[in-house]
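What follows is a set of notes on a single structure, which appears directly below.
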Amino acid sequence: MSEISREAVDAAIREYRDPYLDQDLFALDAIKSVAIDGGKVTVDVELAYPSEGIAGALRQLVGNAIENVSGVGDVTVNTRQAIRAYQAQKDLQSIAGVKNIIAVASGKGGVGKSTTAVNLALALSQEGCRVGILDADIYGPSVGMMLGLPEGTRPQTRDNKWFIPVPAHGIEAMSMAFLVTDKTPMVWRGPMVSGAVQQLLTQTQWNDLDYLIVDMPPGTGDIQLTMAQKVPVTGAVIVTTPQDIALLDCKKGIEMFRKVDIPVLGVIENMSTHICSNCGHHEPLFGEGGGQRVAEEYDTELLGQLPLHMTIREQTDSGQPSVVAEPDSEVARTYRDAARRMGALLSRRERNLTSPIPSISISDD
């Protein structure tokens with residue numbers, strides 16, 4: 001048997017280009033080792049973004065390319081992912097137990113922001129990440145209901161100082177709705193809302209999360225601006241619909257995050273097309289191409305386009321969001337693709353090498 005050329009093996013590996021970052025695995029520093037033992041080649045690949053959904057295809061494509069190298073008899077491609085912590089705006093210190101905070105926002109209400117935040121969090125979890133979600137929409141908290149948590153759910157506490165997040169569908173959740181009843185009116189001014197969100201964020205004992213999704217309040221007013229300045233956010237996702245009026249507000253949301261130096265990782269377009277529940281006909285009721293135009297105008301990415309379909313609403317209202325209810329559906333695949341794309345874009349950001357803000361406990365001893 002002829003000796004295997006390491007150069008030929010490396011060239012075969014370079015044939016694979018990452019579908020989200022459009023670079024080969026060596027350029028991404030994803031190749032951790034290449035071992036050649038007789039006719040056997042073993043390659044270890046480590047991606048820096050959520051990638052379980054494409055791991056099988058990566059192993060097959062890289063393995064097939066190496067098998068064509070002269071002398072190779074057996075190939076093993078091992079894949080794993082390592083989510084790192086990336087810098088927040090203005091180098092704010094990260095929160096203990098959380099690597100990255102992703103703000104999901106919209107310039108206006110009624111565009112499916114909370115539905116997107118919940119499904120995005122669940123999609124990241126299904127991609128093999130440790131994920132939490134914080135419902136920062138103080139005036140209209142709905143994440144608990146969307147996750148199927150019963151009314152009256154309360155978080156456990158530790159040492160009368162810390163909230164323990166509530167588990168749901170494999171992710172951790174925290175919301176003002178867990179602390180009040182659905183009949184409690186939140187008649188608060190902006191500073192009180194911002195303070196409450198910061199308390200929920202910093203007094204919750206998050207458990208070594210790769211991503212914390214924050215469902216932001218709709219709009220771009222004082223509350224949103226204050227939160228964007230004080231919460232250490234590593235990236236933002238803007239939710240819109242194709243309507244011109246929604247796109248105008250979408251642009252305001254992007255401008256707000258730019259003002260406070262938070263990178264906008266991309267845009268998710270909801271209600272992109274209407275799918276008839278009887279015949280399956282697709283029709284762009286609210287216009288088309290709007291999300292793509294905004295993404296191009298602001299040099300960001302269109303992460304995904306979700307249809308206006310009755311099942312998305314029904315599944316979310318029942319506490320079984322689409323990603324959980326029908327994990328193999330087109331809608332679930334779109335959310336998972338958006339999650340991978342978002343994570344890949346975030347992996348280009350500079351890493352955060354500082355220590356997070358520690359949890360401080362004061363006793364009388």
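Ligands are numbered from 1 in the order shown, chains are lettered A, B, ... in the order of the structure tokens, and residues start at 1 in each chain.
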
Shell around region 255-261 of chain A at 8 Å using only C-alpha atoms, local window under 4 positions removed, as an MDAnalysis selection string: chainID A and resid 89:90 220 225 228:229 236 251

Shell around Ile4 (chain A) at 10 Å using only C-alpha atoms, local window under 5 positions removed, as JSON, numbers by chain: {"A": [9, 36, 37, 38, 39, 40, 41, 69, 70, 71, 72, 73]}

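Take the candidates A:Asp317, A:Glu326, A:Asp337, A:Asp299 and check each one against Met145 (chain A) using only C-alpha atoms; the shortest distance goes to A:Asp317.
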
Using backbone DSSP assignments, extract all alpha helix (DSSP H) residues from region 19-236 of chain A; output them as a PyMOL selection string. chain A and resi 52-67+113-126+143-146+190-202+222-230

Take the residues just selected and output them with C-alpha atoms as a short mmCIF file (atom, residue, chain, number, x, y, z; two decimals), in the first residue's frame.
```cif
data_model
loop_
_atom_site.label_atom_id
_atom_site.label_comp_id
_atom_site.auth_asym_id
_atom_site.auth_seq_id
_atom_site.Cartn_x
_atom_site.Cartn_y
_atom_site.Cartn_z
CA GLU A 52 -25.50 19.44 15.08
CA GLY A 53 -27.93 19.74 12.19
CA ILE A 54 -25.14 19.76 9.60
CA ALA A 55 -22.65 17.50 11.40
CA GLY A 56 -23.77 14.38 9.53
CA ALA A 57 -23.43 16.04 6.13
CA LEU A 58 -20.02 17.44 7.09
CA ARG A 59 -18.75 13.99 8.13
CA GLN A 60 -20.01 12.42 4.93
CA LEU A 61 -18.69 15.08 2.53
CA VAL A 62 -15.27 15.36 4.16
CA GLY A 63 -15.03 11.59 4.52
CA ASN A 64 -15.92 11.01 0.85
CA ALA A 65 -13.30 13.53 -0.28
CA ILE A 66 -10.56 11.89 1.82
CA GLU A 67 -11.52 8.41 0.57
CA LYS A 113 -41.25 38.59 17.93
CA SER A 114 -41.99 36.40 20.96
CA THR A 115 -42.88 33.41 18.79
CA THR A 116 -39.56 33.85 17.00
CA ALA A 117 -37.62 34.23 20.26
CA VAL A 118 -39.08 31.03 21.72
CA ASN A 119 -38.59 28.95 18.58
CA LEU A 120 -35.07 30.33 18.09
CA ALA A 121 -34.15 29.35 21.65
CA LEU A 122 -35.56 25.85 21.16
CA ALA A 123 -33.80 25.54 17.80
CA LEU A 124 -30.44 26.41 19.42
CA SER A 125 -31.14 23.77 22.05
CA GLN A 126 -31.84 21.16 19.40
CA VAL A 143 -42.97 33.28 26.96
CA GLY A 144 -44.22 31.13 29.84
CA MET A 145 -47.49 30.39 28.06
CA MET A 146 -45.69 29.69 24.79
CA GLY A 190 -39.33 53.25 31.88
CA PRO A 191 -36.66 53.26 34.65
CA MET A 192 -38.70 50.78 36.74
CA VAL A 193 -39.06 48.41 33.78
CA SER A 194 -35.35 48.61 32.95
CA GLY A 195 -34.46 47.98 36.58
CA ALA A 196 -36.80 44.98 36.79
CA VAL A 197 -35.27 43.40 33.69
CA GLN A 198 -31.75 43.90 35.02
CA GLN A 199 -32.78 42.28 38.30
CA LEU A 200 -34.28 39.30 36.51
CA LEU A 201 -31.10 38.98 34.47
CA THR A 202 -28.52 39.32 37.24
CA ASP A 222 -36.37 54.83 26.27
CA ILE A 223 -36.91 51.38 27.81
CA GLN A 224 -35.33 49.56 24.89
CA LEU A 225 -32.46 52.02 24.60
CA THR A 226 -31.64 51.86 28.32
CA MET A 227 -31.67 48.06 28.27
CA ALA A 228 -29.48 47.96 25.18
CA GLN A 229 -26.97 50.22 26.95
CA LYS A 230 -26.87 48.36 30.28
#
```

Of the residues A:Met216, A:Leu25, A:Val77, A:Leu265, which is the one nearest to Ala136 (chain A), using only C-alpha atoms? A:Met216

Among region 90-293 of chain A, which ones does DSSP place in strand (DSSP E or B), written as a PyMOL selection string? chain A and resi 95+98-105+131-135+156-158+162-164+166-168+171-175+204+209-215+235-240+264-269+274-275+282-283

Between A:Gly266, A:Pro327, A:Pro242, A:Gly343, which is the closest to Tyr49 (chain A) once you count only C-alpha atoms?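 The shortest atom-to-atom distance to Tyr49 (chain A) comes from A:Gly343.
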
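Non-sequential neighbours of Arg349 (chain A) (distance at most 12 Å, separation of 5 or more positions within a chain, only C-alpha atoms) are Ala48, Tyr49, Arg84, Ala85, Tyr86, Gln87, Ala88, Gln89, Asn100, Thr234, Gly235, Ile262, Pro263, Val264, Leu265, Met342, Gly343 and Ala344 of chain A.
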
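Among A:Ile254, A:Leu212, A:Ile138, A:Leu248, the residue with the shortest atom-to-atom distance to Ser175 (chain A), counting only C-alpha atoms, is A:Ile138.
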
Restricting to only C-alpha atoms, whichever of A:Ile95, A:Ala82, A:Gly110, A:Thr204 is closest to Pro218 (chain A) is A:Gly110

Could you check the closest approach to Glu296 (chain A) for each of A:Val267, A:Tyr139, A:Gly109, A:Gln243 and tell me which residue wins, using only C-alpha atoms? A:Val267
